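See below for the structure under consideration.
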Amino acid sequence: RVLLIVAGALGETLRRTDVAGRMGGDEFAAVLVETEPEAAGHVLARLVDRLDELAAAGELPGGFSISPGMAQYPADGTEADALFRAADARSYDVKRARSSAA
């Protein structure tokens, strides 16, 4: 159920030109075509806000959280593997920051 809700939020948040998919487990990736980092950050913030709304409405289980990570082509890499690694590393940075703030 949670995966379907997250997928739905991605569909609501992204543009028709963007592509999103489940990488495995609870990890999703989105490719925002021809999008500058600042604009991508706004999209990511809208996604987080939408998921927070769903959590507040009881649609998602207690303790649900999102740890977004972002990578930019070509600054973070020119191949998918390098871009996914960069985004994943940033996601873990968000998780670590959240646990040290708690």
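Please note that chains go A, B, ... in the order of the structure tokens, that every chain numbers its residues from 1, and that ligands are numbered from 1 in the order shown.
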Requested in this report: Can you check which residues of chain A DSSP gives as helix (DSSP H, G or I) on the backbone and send them as a PyMOL selection string?
Outcome: chain A and resi 2-13+37-56+80-101
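The neighbours of Ile66 in chain A here are the residues that come within 9 Å of it, using only C-alpha atoms and leaving out any residue fewer than 3 positions away in the same chain; they are Val48, Leu51, Asp52, Ser91 and Lys95 of chain A.
Contact shell of Val2 in chain A at 10 Å (only C-alpha atoms; same-chain neighbours under 4 positions omitted): Val6, Ala7, Gly8, Asp26, Glu59, Leu60, Pro61 and Phe64 of chain A.
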Query raised in the report: Could you pull out the strand (DSSP E) residues of chain A from DSSP and send them as a ChimeraX atom specification?
Result: /A:19-24,27-31
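Of the listed residues (A:Ser67, A:Arg15, A:Ala57, A:Met23), A:Ser67 comes nearest to Ala97 in chain A; the distances count only C-alpha atoms.
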Query raised in the report: With only C-alpha atoms as the atoms that count, which of A:Ala82, A:Ala71, A:Leu3, A:Leu54 lies nearest to Glu27 in chain A?
Result: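 Selected residue with least distance to Glu27 in chain A: A:Leu3.
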Shell of 12 Å around Pro37 in chain A, only C-alpha atoms, local chain residues under 6 positions omitted, as a PDB file with N, CA, C and O atoms, in the first residue's frame:
```
ATOM      1  N   VAL A  31      13.798  10.822 -13.083  1.00  0.00           N
ATOM      2  CA  VAL A  31      14.656  11.559 -14.002  1.00  0.00           C
ATOM      3  C   VAL A  31      13.862  12.779 -14.443  1.00  0.00           C
ATOM      4  O   VAL A  31      12.804  12.644 -15.070  1.00  0.00           O
ATOM      5  N   VAL A  43      10.813  20.588  -7.168  1.00  0.00           N
ATOM      6  CA  VAL A  43       9.990  19.399  -7.427  1.00  0.00           C
ATOM      7  C   VAL A  43      10.107  18.434  -6.255  1.00  0.00           C
ATOM      8  O   VAL A  43       9.109  17.895  -5.771  1.00  0.00           O
ATOM      9  N   LEU A  44      11.329  18.238  -5.795  1.00  0.00           N
ATOM     10  CA  LEU A  44      11.564  17.342  -4.666  1.00  0.00           C
ATOM     11  C   LEU A  44      10.843  17.837  -3.416  1.00  0.00           C
ATOM     12  O   LEU A  44      10.226  17.057  -2.688  1.00  0.00           O
ATOM     13  N   GLY A  69      17.529  12.110  -2.246  1.00  0.00           N
ATOM     14  CA  GLY A  69      18.876  12.410  -2.704  1.00  0.00           C
ATOM     15  C   GLY A  69      18.796  12.822  -4.158  1.00  0.00           C
ATOM     16  O   GLY A  69      17.956  12.327  -4.908  1.00  0.00           O
ATOM     17  N   MET A  70      19.647  13.725  -4.572  1.00  0.00           N
ATOM     18  CA  MET A  70      19.568  14.248  -5.925  1.00  0.00           C
ATOM     19  C   MET A  70      20.958  14.220  -6.552  1.00  0.00           C
ATOM     20  O   MET A  70      21.957  14.433  -5.867  1.00  0.00           O
ATOM     21  N   ALA A  71      21.008  13.959  -7.851  1.00  0.00           N
ATOM     22  CA  ALA A  71      22.257  14.016  -8.606  1.00  0.00           C
ATOM     23  C   ALA A  71      22.007  14.787  -9.887  1.00  0.00           C
ATOM     24  O   ALA A  71      20.894  14.781 -10.414  1.00  0.00           O
ATOM     25  N   GLN A  72      23.043  15.447 -10.371  1.00  0.00           N
ATOM     26  CA  GLN A  72      22.927  16.247 -11.586  1.00  0.00           C
ATOM     27  C   GLN A  72      23.874  15.732 -12.663  1.00  0.00           C
ATOM     28  O   GLN A  72      25.049  15.476 -12.404  1.00  0.00           O
ATOM     29  N   TYR A  73      23.323  15.591 -13.864  1.00  0.00           N
ATOM     30  CA  TYR A  73      24.119  15.225 -15.025  1.00  0.00           C
ATOM     31  C   TYR A  73      24.621  16.504 -15.671  1.00  0.00           C
ATOM     32  O   TYR A  73      23.842  17.445 -15.809  1.00  0.00           O
ATOM     33  N   PRO A  74      25.842  16.632 -16.042  1.00  0.00           N
ATOM     34  CA  PRO A  74      26.969  15.716 -15.923  1.00  0.00           C
ATOM     35  C   PRO A  74      27.841  15.963 -14.697  1.00  0.00           C
ATOM     36  O   PRO A  74      28.842  15.278 -14.509  1.00  0.00           O
ATOM     37  N   ALA A  75      27.469  16.934 -13.841  1.00  0.00           N
ATOM     38  CA  ALA A  75      28.320  17.289 -12.701  1.00  0.00           C
ATOM     39  C   ALA A  75      28.609  16.099 -11.786  1.00  0.00           C
ATOM     40  O   ALA A  75      29.726  15.955 -11.293  1.00  0.00           O
ATOM     41  N   ASP A  76      27.615  15.243 -11.568  1.00  0.00           N
ATOM     42  CA  ASP A  76      27.790  14.099 -10.665  1.00  0.00           C
ATOM     43  C   ASP A  76      28.131  12.807 -11.409  1.00  0.00           C
ATOM     44  O   ASP A  76      28.339  11.776 -10.779  1.00  0.00           O
TER      45      ASP A  76
END
```
Requested in this report: Find the residue from A:Gly63, A:Ala80, A:Pro68, A:Glu38 that sits nearest to Val94 in chain A; use only C-alpha atoms when measuring.
Outcome: A:Pro68
**Report entry** Point-to-point distance in Å for CA of Val19 in chain A and CA of Ile5 in chain A
**Finding:**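 Interatomic distance, CA of Ile5 in chain A to CA of Val19 in chain A: 16.7 Å.
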Requested in this report: Would you kindly return, as a list in words, each protein, DNA or RNA residue with an atom no farther than 8 Å from any atom of range 9-12 of chain A, considering only C-alpha atoms and excluding same-chain residues fewer than 6 positions away?
Outcome: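 After dropping sequence-adjacent residues, the list is Ala20, Leu47, Arg50 and Leu51 of chain A.
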Need the shell around Thr17 in chain A: protein/DNA/RNA residues with any atom at most 12 Å away, counting only C-alpha atoms. Skip same-chain ones fewer than 6 positions apart. Format as an mmCIF file with N, CA, C and O atoms, in the first residue's frame?
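New file around-v7.cif:
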```cif
data_model
loop_
_atom_site.group_PDB
_atom_site.id
_atom_site.type_symbol
_atom_site.label_atom_id
_atom_site.label_comp_id
_atom_site.auth_asym_id
_atom_site.auth_seq_id
_atom_site.Cartn_x
_atom_site.Cartn_y
_atom_site.Cartn_z
ATOM 1 N N GLY A 11 3.540 10.437 -9.411
ATOM 2 C CA GLY A 11 2.747 10.738 -10.597
ATOM 3 C C GLY A 11 2.077 12.097 -10.523
ATOM 4 O O GLY A 11 1.977 12.803 -11.529
ATOM 5 N N ALA A 30 13.696 9.253 -9.969
ATOM 6 C CA ALA A 30 12.991 10.066 -10.952
ATOM 7 C C ALA A 30 14.034 10.790 -11.793
ATOM 8 O O ALA A 30 15.029 11.294 -11.270
ATOM 9 N N VAL A 31 13.798 10.822 -13.083
ATOM 10 C CA VAL A 31 14.656 11.559 -14.002
ATOM 11 C C VAL A 31 13.862 12.779 -14.443
ATOM 12 O O VAL A 31 12.804 12.644 -15.070
ATOM 13 N N LEU A 32 14.366 13.949 -14.084
ATOM 14 C CA LEU A 32 13.707 15.203 -14.442
ATOM 15 C C LEU A 32 14.453 15.774 -15.648
ATOM 16 O O LEU A 32 15.534 16.341 -15.519
ATOM 17 N N VAL A 33 13.866 15.597 -16.804
ATOM 18 C CA VAL A 33 14.503 15.957 -18.068
ATOM 19 C C VAL A 33 14.659 17.470 -18.194
ATOM 20 O O VAL A 33 13.729 18.222 -17.890
ATOM 21 N N GLU A 34 15.855 17.878 -18.611
ATOM 22 C CA GLU A 34 16.143 19.298 -18.857
ATOM 23 C C GLU A 34 15.679 20.186 -17.713
ATOM 24 O O GLU A 34 14.956 21.169 -17.907
ATOM 25 N N THR A 35 16.110 19.847 -16.509
ATOM 26 C CA THR A 35 15.709 20.578 -15.315
ATOM 27 C C THR A 35 16.949 21.024 -14.551
ATOM 28 O O THR A 35 17.802 20.200 -14.227
#
```
Query - Coordinates-based distance that separates CA of Ala87 in chain A from CA of Ala29 in chain A (Å, one decimal) - result: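 Distance between the two atoms: 9.0 Å.
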Query raised in the report: Rounded to one decimal in Å, what is the spacing between CA of Thr13 in chain A and CA of Gly58 in chain A?
Result: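 Interatomic distance here is 19.6 Å.
Distances from A:Ala89, A:Ala40, A:Leu4, A:Ala102 to Asp18 in chain A were compared using only C-alpha atoms, and the smallest one belongs to A:Ala40.
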